[in-house]
>>> print(open('input-v7.csv').read())   # CSV, C-alpha atoms
chain,number,residue,atom,x,y,z
A,1,GLN,CA,-1.4,-12.2,3.3
A,2,LYS,CA,-3.7,-10.2,1.2
A,3,GLU,CA,-2.4,-7.2,-0.6
A,4,VAL,CA,-5.1,-5.0,0.8
A,5,GLU,CA,-7.3,-5.6,3.8
A,6,GLN,CA,-10.3,-3.5,4.8
A,7,ASN,CA,-12.2,-3.6,8.1
A,8,SER,CA,-14.9,-6.1,7.9
A,9,GLY,CA,-18.5,-4.9,7.4
A,10,PRO,CA,-21.2,-4.2,7.2
A,11,LEU,CA,-20.8,-1.0,9.1
A,12,SER,CA,-23.9,0.8,10.3
A,13,VAL,CA,-23.9,4.4,11.6
A,14,PRO,CA,-26.8,6.8,12.4
A,15,GLU,CA,-27.4,9.8,10.2
A,16,GLY,CA,-25.1,12.7,11.3
A,17,ALA,CA,-22.4,10.4,12.8
A,18,ILE,CA,-18.9,9.9,11.7
A,19,ALA,CA,-18.1,6.8,9.7
A,20,SER,CA,-14.6,5.4,9.9
A,21,LEU,CA,-13.3,3.1,7.2
A,22,ASN,CA,-9.9,1.5,7.5
A,23,CYS,CA,-7.4,-0.2,5.2
A,24,THR,CA,-4.0,-1.8,5.5
A,25,TYR,CA,-1.7,-2.7,2.6
A,26,SER,CA,1.2,-5.0,2.2
A,27,ASP,CA,3.4,-3.3,-0.5
A,28,ARG,CA,5.6,-0.9,1.4
A,29,GLY,CA,6.6,0.7,-1.9
A,30,SER,CA,3.1,2.0,-2.6
A,31,GLN,CA,3.0,5.7,-3.1
A,32,SER,CA,-0.5,6.6,-4.2
A,33,PHE,CA,-3.7,5.7,-2.4
A,34,PHE,CA,-7.3,6.1,-3.6
A,35,TRP,CA,-10.7,5.7,-2.1
A,36,TYR,CA,-13.7,4.7,-4.3
A,37,ARG,CA,-17.4,4.5,-3.5
A,38,GLN,CA,-19.5,1.9,-5.2
A,39,TYR,CA,-23.2,1.9,-5.1
A,40,SER,CA,-25.0,-1.4,-5.6
A,41,GLY,CA,-25.1,-2.3,-9.3
A,42,LYS,CA,-22.9,0.7,-10.3
A,43,SER,CA,-19.2,1.1,-11.1
A,44,PRO,CA,-16.7,2.6,-8.6
A,45,GLU,CA,-16.6,6.4,-8.3
A,46,LEU,CA,-13.4,8.2,-7.1
A,47,ILE,CA,-13.8,10.0,-3.8
A,48,MET,CA,-10.3,10.9,-2.6
A,49,SER,CA,-6.7,10.4,-3.5
A,50,ILE,CA,-3.8,10.8,-1.0
A,51,TYR,CA,-0.1,10.7,-1.6
A,52,SER,CA,1.6,12.0,1.6
A,53,ASN,CA,1.5,11.1,5.2
A,54,GLY,CA,-1.1,12.9,7.2
A,55,ASP,CA,-4.6,14.1,6.6
A,56,LYS,CA,-6.3,15.4,3.5
A,57,GLU,CA,-9.8,16.9,3.7
A,58,ASP,CA,-12.3,17.4,1.0
A,59,GLY,CA,-15.8,18.5,2.2
A,60,ARG,CA,-17.2,15.9,4.6
A,61,PHE,CA,-14.4,13.4,3.7
A,62,THR,CA,-11.0,13.1,5.3
A,63,ALA,CA,-8.4,10.6,4.1
A,64,GLN,CA,-5.5,9.7,6.5
A,65,LEU,CA,-2.3,8.1,5.5
A,66,ASN,CA,0.5,6.5,7.6
A,67,LYS,CA,3.1,4.9,5.3
A,68,ALA,CA,5.2,3.6,8.2
A,69,SER,CA,2.2,1.6,9.5
A,70,GLN,CA,1.0,0.8,6.0
A,71,TYR,CA,-2.4,2.2,6.9
A,72,VAL,CA,-4.9,4.4,5.2
A,73,SER,CA,-8.3,5.5,6.4
A,74,LEU,CA,-11.4,7.4,5.3
A,75,LEU,CA,-13.6,9.4,7.7
A,76,ILE,CA,-17.0,10.6,6.6
A,77,ARG,CA,-18.4,13.3,8.8
A,78,ASP,CA,-22.1,14.1,9.1
A,79,SER,CA,-23.0,10.8,7.4
A,80,GLN,CA,-26.0,10.9,5.1
A,81,PRO,CA,-28.2,8.1,3.9
A,82,SER,CA,-26.9,8.8,0.4
A,83,ASP,CA,-23.4,7.8,1.7
A,84,SER,CA,-24.7,4.2,2.0
A,85,ALA,CA,-22.5,2.2,-0.4
A,86,THR,CA,-19.4,0.0,-0.5
A,87,TYR,CA,-16.1,1.8,0.0
A,88,LEU,CA,-13.0,0.5,-1.7
A,89,CYS,CA,-9.4,1.2,-0.8
A,90,ALA,CA,-6.9,1.0,-3.7
A,91,PRO,CA,-3.2,1.5,-3.3
A,92,PHE,CA,-1.1,1.8,-6.4
A,93,ASN,CA,1.8,-0.5,-5.9
A,94,THR,CA,5.3,-0.8,-7.3
A,95,GLY,CA,4.2,-3.3,-9.9
A,96,ASN,CA,2.2,-0.6,-11.7
A,97,GLN,CA,-1.0,-2.1,-10.3
A,98,PHE,CA,-4.0,-0.9,-8.4
A,99,TYR,CA,-4.9,-3.4,-5.8
A,100,PHE,CA,-8.5,-3.1,-4.6
A,101,GLY,CA,-9.7,-4.3,-1.2
A,102,THR,CA,-12.9,-6.3,-0.9
A,103,GLY,CA,-14.6,-3.2,0.3
A,104,THR,CA,-16.5,-2.2,3.4
A,105,SER,CA,-20.3,-1.9,3.1
A,106,LEU,CA,-21.6,1.2,4.9
A,107,THR,CA,-25.2,1.8,5.8
A,108,VAL,CA,-26.3,5.2,7.2
A,109,ILE,CA,-29.5,4.8,9.2
A,110,PRO,CA,-31.9,7.8,9.0
B,1,GLU,CA,-16.3,16.1,-21.6
B,2,THR,CA,-17.2,12.5,-22.5
B,3,GLY,CA,-16.5,9.9,-19.7
B,4,VAL,CA,-15.3,6.3,-20.1
B,5,THR,CA,-17.7,4.3,-22.2
B,6,GLN,CA,-17.9,0.5,-22.4
B,7,SER,CA,-19.7,-1.8,-24.8
B,8,PRO,CA,-21.6,-3.9,-24.8
B,9,THR,CA,-23.5,-3.5,-21.5
B,10,HIS,CA,-24.4,-7.1,-21.2
B,11,LEU,CA,-23.2,-10.2,-22.9
B,12,ILE,CA,-24.1,-13.9,-22.7
B,13,LYS,CA,-21.7,-16.5,-24.0
B,14,THR,CA,-21.2,-20.3,-23.6
B,15,ARG,CA,-18.1,-22.1,-22.4
B,16,GLY,CA,-15.3,-22.3,-24.9
B,17,GLN,CA,-16.3,-19.2,-26.8
B,18,GLN,CA,-14.3,-16.1,-27.3
B,19,VAL,CA,-15.4,-12.5,-26.4
B,20,THR,CA,-14.2,-9.0,-27.1
B,21,LEU,CA,-15.1,-6.1,-24.8
B,22,ARG,CA,-14.5,-2.5,-25.8
B,23,CYS,CA,-13.7,0.7,-23.9
B,24,SER,CA,-13.4,4.3,-25.0
B,25,SER,CA,-11.2,6.3,-22.6
B,26,GLN,CA,-12.1,9.7,-21.3
B,27,SER,CA,-10.8,12.6,-23.3
B,28,GLY,CA,-7.2,13.4,-22.5
B,29,HIS,CA,-6.5,10.1,-20.9
B,30,ASN,CA,-3.7,7.9,-22.2
B,31,THR,CA,-3.8,5.0,-19.7
B,32,VAL,CA,-6.4,2.3,-19.6
B,33,SER,CA,-6.8,-0.5,-17.0
B,34,TRP,CA,-9.1,-3.5,-17.1
B,35,TYR,CA,-10.6,-5.2,-14.0
B,36,GLN,CA,-12.8,-8.2,-13.3
B,37,GLN,CA,-15.3,-7.8,-10.5
B,38,ALA,CA,-17.1,-10.9,-9.1
B,39,LEU,CA,-20.2,-10.4,-7.0
B,40,GLY,CA,-19.3,-9.2,-3.5
B,41,GLN,CA,-15.6,-8.7,-4.3
B,42,GLY,CA,-13.4,-5.8,-5.1
B,43,PRO,CA,-12.2,-5.2,-8.7
B,44,GLN,CA,-9.3,-7.5,-9.6
B,45,PHE,CA,-6.6,-6.0,-11.8
B,46,ILE,CA,-6.3,-7.7,-15.2
B,47,PHE,CA,-3.8,-5.4,-17.0
B,48,GLN,CA,-3.0,-1.8,-17.9
B,49,TYR,CA,-2.1,-0.1,-21.1
B,50,TYR,CA,-0.1,3.1,-21.4
B,51,ARG,CA,0.3,4.6,-24.9
B,52,GLU,CA,-0.5,1.4,-26.6
B,53,GLU,CA,1.9,-0.8,-24.6
B,54,GLU,CA,1.0,-3.2,-21.8
B,55,ASN,CA,2.8,-2.0,-18.7
B,56,GLY,CA,1.3,-4.0,-15.9
B,57,ARG,CA,-0.5,-7.3,-15.6
B,58,GLY,CA,-2.3,-9.0,-12.7
B,59,ASN,CA,-2.6,-12.7,-12.0
B,60,PHE,CA,-4.7,-13.7,-15.0
B,61,PRO,CA,-3.9,-16.4,-17.6
B,62,PRO,CA,-2.7,-15.6,-21.1
B,63,ARG,CA,-6.2,-16.2,-22.5
B,64,PHE,CA,-7.0,-12.7,-21.2
B,65,SER,CA,-5.4,-10.4,-23.7
B,66,GLY,CA,-5.8,-6.8,-24.7
B,67,LEU,CA,-5.0,-4.0,-27.1
B,68,GLN,CA,-4.8,-0.2,-26.9
B,69,PHE,CA,-5.3,1.8,-30.1
B,70,PRO,CA,-3.7,5.2,-31.1
B,71,ASN,CA,-6.8,7.0,-29.9
B,72,TYR,CA,-6.3,5.3,-26.5
B,73,SER,CA,-9.4,3.2,-26.7
B,74,SER,CA,-8.9,-0.4,-25.7
B,75,GLU,CA,-10.2,-3.9,-26.1
B,76,LEU,CA,-10.2,-6.9,-23.7
B,77,ASN,CA,-10.2,-10.3,-25.4
B,78,VAL,CA,-10.9,-13.5,-23.5
B,79,ASN,CA,-10.5,-16.9,-25.2
B,80,ALA,CA,-11.8,-20.3,-24.2
B,81,LEU,CA,-14.4,-18.9,-21.8
B,82,GLU,CA,-14.9,-20.7,-18.5
B,83,LEU,CA,-17.9,-20.5,-16.1
B,84,ASP,CA,-15.7,-18.6,-13.6
B,85,ASP,CA,-15.3,-15.8,-16.1
B,86,SER,CA,-18.8,-14.7,-15.4
B,87,ALA,CA,-18.3,-11.2,-13.8
B,88,LEU,CA,-18.6,-7.5,-14.3
B,89,TYR,CA,-15.7,-6.3,-16.4
B,90,LEU,CA,-14.6,-2.7,-15.7
B,91,CYS,CA,-12.5,-0.4,-17.7
B,92,ALA,CA,-10.9,2.7,-16.1
B,93,SER,CA,-8.8,5.4,-17.7
B,94,SER,CA,-6.5,8.1,-16.3
B,95,VAL,CA,-4.2,10.9,-17.4
B,96,GLY,CA,-1.2,8.7,-16.6
B,97,VAL,CA,0.1,5.6,-14.8
B,98,GLY,CA,-0.7,5.7,-11.2
B,99,GLN,CA,-3.1,8.7,-11.5
B,100,PRO,CA,-6.7,8.7,-10.3
B,101,GLN,CA,-8.8,6.4,-12.5
B,102,HIS,CA,-12.3,7.0,-13.8
B,103,PHE,CA,-14.4,3.9,-14.4
B,104,GLY,CA,-16.9,3.1,-17.1
B,105,ASP,CA,-20.2,1.5,-16.3
B,106,GLY,CA,-18.9,-2.0,-17.1
B,107,THR,CA,-19.8,-5.0,-19.1
B,108,ARG,CA,-21.7,-7.8,-17.4
B,109,LEU,CA,-20.6,-11.1,-18.9
B,110,SER,CA,-22.5,-14.3,-18.2
B,111,ILE,CA,-21.1,-17.7,-19.2
B,112,LEU,CA,-23.6,-20.5,-19.6
>>> encode(input="input-v7.csv", output="C-alpha coordinates")
Amino acid sequence: QKEVEQNSGPLSVPEGAIASLNCTYSDRGSQSFFWYRQYSGKSPELIMSIYSNGDKEDGRFTAQLNKASQYVSLLIRDSQPSDSATYLCAPFNTGNQFYFGTGTSLTVIP
Amino acid sequence: ETGVTQSPTHLIKTRGQQVTLRCSSQSGHNTVSWYQQALGQGPQFIFQYYREEENGRGNFPPRFSGLQFPNYSSELNVNALELDDSALYLCASSVGVGQPQHFGDGTRLSIL
(Lines of atoms letter the chains of each structure in order from A and count residues from 1; the text may use other names and numbers.)
(Lines give C-alpha, C1' and ligand atoms only; values in the text may rest on other atoms or scores of the structure.)
Protein backbone atom coordinates (compact mmCIF):
# COMPACT_ATOMS: atom_id res chain seq x y z
CA GLN A 1 0.00 0.00 0.00
CA LYS A 2 1.32 3.39 -0.97
CA GLU A 3 1.76 5.98 1.75
CA VAL A 4 -0.27 8.55 -0.18
CA GLU A 5 -2.67 7.96 -3.03
CA GLN A 6 -4.27 10.64 -5.15
CA ASN A 7 -7.11 10.31 -7.62
CA SER A 8 -5.77 9.38 -10.99
CA GLY A 9 -5.63 12.09 -13.60
CA PRO A 10 -5.53 13.86 -15.79
CA LEU A 11 -8.55 15.82 -14.62
CA SER A 12 -10.18 18.28 -17.01
CA VAL A 13 -12.79 20.83 -16.00
CA PRO A 14 -14.30 23.78 -17.87
CA GLU A 15 -13.45 27.29 -16.77
CA GLY A 16 -15.66 28.40 -13.90
CA ALA A 17 -16.39 24.86 -12.68
CA ILE A 18 -15.37 23.25 -9.41
CA ALA A 19 -12.33 20.99 -9.48
CA SER A 20 -12.20 18.26 -6.82
CA LEU A 21 -8.89 16.65 -5.90
CA ASN A 22 -8.72 13.71 -3.51
CA CYS A 23 -6.04 12.10 -1.39
CA THR A 24 -5.89 9.16 1.02
CA TYR A 25 -2.99 8.40 3.35
CA SER A 26 -1.89 5.34 5.27
CA ASP A 27 -0.22 6.75 8.42
CA ARG A 28 -3.06 7.18 10.91
CA GLY A 29 -0.74 9.24 13.12
CA SER A 30 -0.35 12.01 10.54
CA GLN A 31 -1.42 15.33 12.01
CA SER A 32 -0.53 17.95 9.40
CA PHE A 33 -1.59 17.99 5.79
CA PHE A 34 -0.50 20.20 2.95
CA TRP A 35 -1.50 20.83 -0.65
CA TYR A 36 1.04 22.04 -3.17
CA ARG A 37 0.65 23.18 -6.75
CA GLN A 38 3.39 22.46 -9.26
CA TYR A 39 3.49 24.02 -12.69
CA SER A 40 5.36 22.13 -15.37
CA GLY A 41 9.10 22.66 -14.99
CA LYS A 42 8.71 24.53 -11.70
CA SER A 43 9.05 23.64 -8.04
CA PRO A 44 6.06 22.95 -5.75
CA GLU A 45 4.26 25.96 -4.32
CA LEU A 46 2.31 25.76 -1.05
CA ILE A 47 -1.45 26.36 -1.43
CA MET A 48 -3.09 25.19 1.79
CA SER A 49 -2.34 23.57 5.10
CA ILE A 50 -4.93 21.84 7.30
CA TYR A 51 -4.54 20.33 10.75
CA SER A 52 -8.05 19.71 12.10
CA ASN A 53 -11.03 17.73 10.85
CA GLY A 54 -13.45 19.74 8.77
CA ASP A 55 -13.15 22.41 6.13
CA LYS A 56 -10.68 25.25 5.74
CA GLU A 57 -11.30 27.93 3.16
CA ASP A 58 -8.82 30.33 1.58
CA GLY A 59 -10.16 32.34 -1.33
CA ARG A 60 -11.23 29.95 -4.09
CA PHE A 61 -9.60 26.98 -2.34
CA THR A 62 -11.19 24.74 0.30
CA ALA A 63 -9.30 21.92 1.99
CA GLN A 64 -11.27 19.18 3.71
CA LEU A 65 -9.86 16.71 6.24
CA ASN A 66 -11.34 13.54 7.70
CA LYS A 67 -8.77 11.82 9.90
CA ALA A 68 -11.05 8.88 10.71
CA SER A 69 -11.27 8.07 7.02
CA GLN A 70 -7.66 9.09 6.41
CA TYR A 71 -8.85 11.34 3.64
CA VAL A 72 -8.02 14.88 2.59
CA SER A 73 -9.34 16.80 -0.39
CA LEU A 74 -8.93 20.12 -2.16
CA LEU A 75 -11.75 21.94 -3.91
CA ILE A 76 -11.04 24.74 -6.36
CA ARG A 77 -14.05 26.92 -7.07
CA ASP A 78 -14.44 29.06 -10.18
CA SER A 79 -11.52 27.25 -11.82
CA GLN A 80 -9.31 29.38 -14.04
CA PRO A 81 -6.92 28.34 -16.84
CA SER A 82 -4.09 29.53 -14.57
CA ASP A 83 -5.06 26.74 -12.15
CA SER A 84 -3.86 24.17 -14.70
CA ALA A 85 -1.04 22.38 -12.90
CA THR A 86 -0.23 19.23 -10.94
CA TYR A 87 -1.58 19.21 -7.39
CA LEU A 88 0.37 17.34 -4.74
CA CYS A 89 -0.97 16.10 -1.42
CA ALA A 90 1.60 15.87 1.40
CA PRO A 91 0.78 14.53 4.86
CA PHE A 92 3.42 14.94 7.56
CA ASN A 93 3.71 11.56 9.23
CA THR A 94 4.89 10.25 12.56
CA GLY A 95 8.37 9.57 11.18
CA ASN A 96 9.06 13.27 10.73
CA GLN A 97 8.57 12.85 7.02
CA PHE A 98 6.50 14.55 4.39
CA TYR A 99 5.11 11.96 2.00
CA PHE A 100 4.07 13.35 -1.33
CA GLY A 101 1.57 11.69 -3.59
CA THR A 102 2.25 11.27 -7.29
CA GLY A 103 -0.01 14.24 -7.92
CA THR A 104 -3.12 14.88 -9.96
CA SER A 105 -2.77 16.80 -13.19
CA LEU A 106 -5.53 19.39 -13.63
CA THR A 107 -6.40 21.11 -16.90
CA VAL A 108 -8.91 23.96 -16.90
CA ILE A 109 -10.41 24.38 -20.35
CA PRO A 110 -11.27 27.98 -21.39
CA GLU B 1 12.67 38.46 2.41
CA THR B 2 14.91 36.08 0.46
CA GLY B 3 13.37 32.75 -0.40
CA VAL B 4 15.01 29.36 -0.66
CA THR B 5 17.88 29.36 -3.12
CA GLN B 6 19.62 26.34 -4.61
CA SER B 7 22.81 25.95 -6.57
CA PRO B 8 23.74 24.96 -9.14
CA THR B 9 20.68 25.07 -11.39
CA HIS B 10 21.87 22.29 -13.65
CA LEU B 11 24.63 19.74 -13.34
CA ILE B 12 25.92 16.95 -15.55
CA LYS B 13 27.99 14.13 -14.05
CA THR B 14 29.09 10.66 -15.04
CA ARG B 15 28.51 7.38 -13.24
CA GLY B 16 30.69 6.85 -10.20
CA GLN B 17 31.34 10.53 -9.60
CA GLN B 18 30.37 12.49 -6.50
CA VAL B 19 28.22 15.62 -6.35
CA THR B 20 27.40 18.32 -3.80
CA LEU B 21 24.24 20.37 -4.04
CA ARG B 22 23.68 23.49 -1.95
CA CYS B 23 20.68 25.18 -0.42
CA SER B 24 20.20 28.45 1.44
CA SER B 25 17.11 28.38 3.59
CA GLN B 26 14.60 31.17 3.80
CA SER B 27 15.29 33.79 6.46
CA GLY B 28 13.98 32.66 9.87
CA HIS B 29 13.77 28.99 8.85
CA ASN B 30 15.71 26.41 10.87
CA THR B 31 14.53 23.21 9.17
CA VAL B 32 15.63 22.00 5.76
CA SER B 33 14.43 18.96 3.83
CA TRP B 34 15.77 17.46 0.62
CA TYR B 35 13.72 15.68 -2.01
CA GLN B 36 14.36 13.78 -5.22
CA GLN B 37 11.76 14.19 -7.95
CA ALA B 38 11.84 11.96 -11.00
CA LEU B 39 9.88 12.95 -14.08
CA GLY B 40 6.15 12.41 -13.61
CA GLN B 41 6.49 11.53 -9.93
CA GLY B 42 5.95 13.37 -6.68
CA PRO B 43 8.94 14.49 -4.60
CA GLN B 44 10.52 11.64 -2.62
CA PHE B 45 11.78 12.56 0.83
CA ILE B 46 15.53 12.05 1.26
CA PHE B 47 16.16 13.54 4.71
CA GLN B 48 15.49 16.47 6.99
CA TYR B 49 17.77 18.61 9.13
CA TYR B 50 16.65 20.55 12.17
CA ARG B 51 19.16 22.83 13.90
CA GLU B 52 22.13 21.03 12.31
CA GLU B 53 20.95 17.51 13.21
CA GLU B 54 19.39 14.93 10.90
CA ASN B 55 15.96 14.14 12.36
CA GLY B 56 14.26 12.17 9.61
CA ARG B 57 15.37 10.06 6.69
CA GLY B 58 13.57 8.47 3.77
CA ASN B 59 14.35 5.24 1.97
CA PHE B 60 17.62 6.33 0.38
CA PRO B 61 20.99 4.52 0.63
CA PRO B 62 23.85 5.87 2.77
CA ARG B 63 25.61 7.29 -0.29
CA PHE B 64 23.09 10.12 0.06
CA SER B 65 24.32 12.27 2.92
CA GLY B 66 23.91 15.81 4.08
CA LEU B 67 24.89 18.63 6.36
CA GLN B 68 23.25 21.66 7.86
CA PHE B 69 25.36 24.62 8.89
CA PRO B 70 24.93 27.07 11.79
CA ASN B 71 23.24 29.57 9.44
CA TYR B 72 20.79 26.73 8.53
CA SER B 73 21.99 26.44 4.96
CA SER B 74 22.44 22.85 3.84
CA GLU B 75 24.28 20.52 1.50
CA LEU B 76 23.25 17.27 -0.14
CA ASN B 77 26.10 14.96 -1.09
CA VAL B 78 25.70 11.95 -3.33
CA ASN B 79 28.56 9.50 -3.83
CA ALA B 80 29.06 6.84 -6.48
CA LEU B 81 26.48 8.35 -8.79
CA GLU B 82 24.20 5.98 -10.69
CA LEU B 83 22.11 6.58 -13.80
CA ASP B 84 18.92 6.40 -11.69
CA ASP B 85 20.10 9.40 -9.69
CA SER B 86 19.18 11.61 -12.62
CA ALA B 87 16.36 13.77 -11.27
CA LEU B 88 15.34 17.16 -9.98
CA TYR B 89 16.65 17.69 -6.44
CA LEU B 90 14.55 20.00 -4.34
CA CYS B 91 15.36 21.73 -1.10
CA ALA B 92 12.59 23.04 1.16
CA SER B 93 12.82 25.04 4.36
CA SER B 94 10.37 25.77 7.15
CA VAL B 95 10.19 27.52 10.52
CA GLY B 96 10.10 24.17 12.28
CA VAL B 97 9.60 20.43 11.92
CA GLY B 98 6.23 19.63 10.34
CA GLN B 99 5.54 23.23 9.42
CA PRO B 100 4.65 24.38 5.88
CA GLN B 101 7.64 24.07 3.62
CA HIS B 102 8.79 26.48 0.97
CA PHE B 103 10.73 25.07 -1.95
CA GLY B 104 13.70 26.32 -3.91
CA ASP B 105 13.77 26.10 -7.69
CA GLY B 106 15.73 22.85 -7.60
CA THR B 107 18.88 21.44 -9.15
CA ARG B 108 18.49 19.34 -12.27
CA LEU B 109 21.08 16.55 -12.10
CA SER B 110 21.83 14.46 -15.16
CA ILE B 111 24.01 11.35 -15.00
CA LEU B 112 25.64 10.14 -18.21
>>> closest_residue(input="input-v7.csv", among="B:Gln101, B:Gln48, B:Ser73, B:Gln6", to="Tyr89 of chain B", atoms="only C-alpha atoms")
B:Gln6
>>> closest_atom_pairs(input="input-v7.csv", of="chain A", to="chain B", cutoff="10 Å", atoms="only C-alpha atoms", output="Markdown table")
| residue | atom | partner | partner_atom | distance |
| --- | --- | --- | --- | --- |
| A:Gln31 | CA | B:Gly98 | CA | 8.9 |
| A:Ser32 | CA | B:Gly98 | CA | 7.1 |
| A:Phe33 | CA | B:Pro100 | CA | 9.0 |
| A:Phe34 | CA | B:Pro100 | CA | 7.2 |
| A:Trp35 | CA | B:Pro100 | CA | 9.6 |
| A:Tyr36 | CA | B:Gln101 | CA | 9.7 |
| A:Gln38 | CA | B:Gly42 | CA | 9.8 |
| A:Ser40 | CA | B:Gly40 | CA | 9.9 |
| A:Gly41 | CA | B:Asp105 | CA | 9.4 |
| A:Lys42 | CA | B:Asp105 | CA | 6.6 |
| A:Ser43 | CA | B:Asp105 | CA | 5.3 |
| A:Pro44 | CA | B:Phe103 | CA | 6.4 |
| A:Glu45 | CA | B:Phe103 | CA | 6.9 |
| A:Leu46 | CA | B:His102 | CA | 6.9 |
| A:Ile47 | CA | B:Pro100 | CA | 9.7 |
| A:Met48 | CA | B:Pro100 | CA | 8.8 |
| A:Ser49 | CA | B:Pro100 | CA | 7.0 |
| A:Ile50 | CA | B:Pro100 | CA | 10.0 |
| A:Thr86 | CA | B:Gly42 | CA | 9.5 |
| A:Tyr87 | CA | B:Gly42 | CA | 9.5 |
| A:Leu88 | CA | B:Gly42 | CA | 7.2 |
| A:Cys89 | CA | B:Gly42 | CA | 9.1 |
| A:Ala90 | CA | B:Gly42 | CA | 9.5 |
| A:Pro91 | CA | B:Gly98 | CA | 9.3 |
| A:Phe92 | CA | B:Gly98 | CA | 6.2 |
| A:Asn93 | CA | B:Gly98 | CA | 8.5 |
| A:Thr94 | CA | B:Gly98 | CA | 9.7 |
| A:Gly95 | CA | B:Gly56 | CA | 6.7 |
| A:Asn96 | CA | B:Gly56 | CA | 5.5 |
| A:Gln97 | CA | B:Gly56 | CA | 6.3 |
| A:Phe98 | CA | B:Phe45 | CA | 6.7 |
| A:Tyr99 | CA | B:Phe45 | CA | 6.8 |
| A:Phe100 | CA | B:Gly42 | CA | 5.6 |
| A:Gly101 | CA | B:Gly42 | CA | 5.6 |
| A:Thr102 | CA | B:Gly42 | CA | 4.3 |
| A:Gly103 | CA | B:Gly42 | CA | 6.1 |
| A:Thr104 | CA | B:Gly42 | CA | 9.7 |
| A:Ser105 | CA | B:Gly40 | CA | 9.9 |
>>> atom_distance(input="input-v7.csv", atom1="atom CA of Pro81 of chain A", atom2="atom CA of Glu57 of chain A")
20.4 Å
>>> residues_around(input="input-v7.csv", residues="Leu11 of chain B", least_positions_apart="2", cutoff="9 Å", atoms="all atoms listed in the file", output="VMD selection string")
chain B and resid 8 to 9 13 19 107 to 111
>>> closest_residue(input="input-v7.csv", among="B:Gln26, B:Gln17, B:Ser74, B:Asn59", to="Ser93 of chain B", atoms="only C-alpha atoms")
B:Gln26
>>> atom_distance(input="input-v7.csv", atom1="atom CA of Asn7 of chain A", atom2="atom CA of Lys67 of chain A")
17.7 Å
>>> residues_around(input="input-v7.csv", residues="Thr107 of chain A", least_positions_apart="4", cutoff="10 Å", atoms="all atoms listed in the file", output="NGL selection string")
:A and (9-15 or 19 or 79-86)
>>> atom_distance(input="input-v7.csv", atom1="atom CA of Ser20 of chain A", atom2="atom CA of Asn53 of chain A")
17.7 Å
>>> residues_around(input="input-v7.csv", residues="Glu53 of chain B", least_positions_apart="2", cutoff="10 Å", atoms="all atoms listed in the file", output="PyMOL selection string")
chain B and resi 31+48-51+55-56+66-69
>>> closest_residue(input="input-v7.csv", among="A:Ala17, A:Arg60, A:Ser73, A:Ala68", to="Ser30 of chain A", atoms="only C-alpha atoms")
A:Ala68
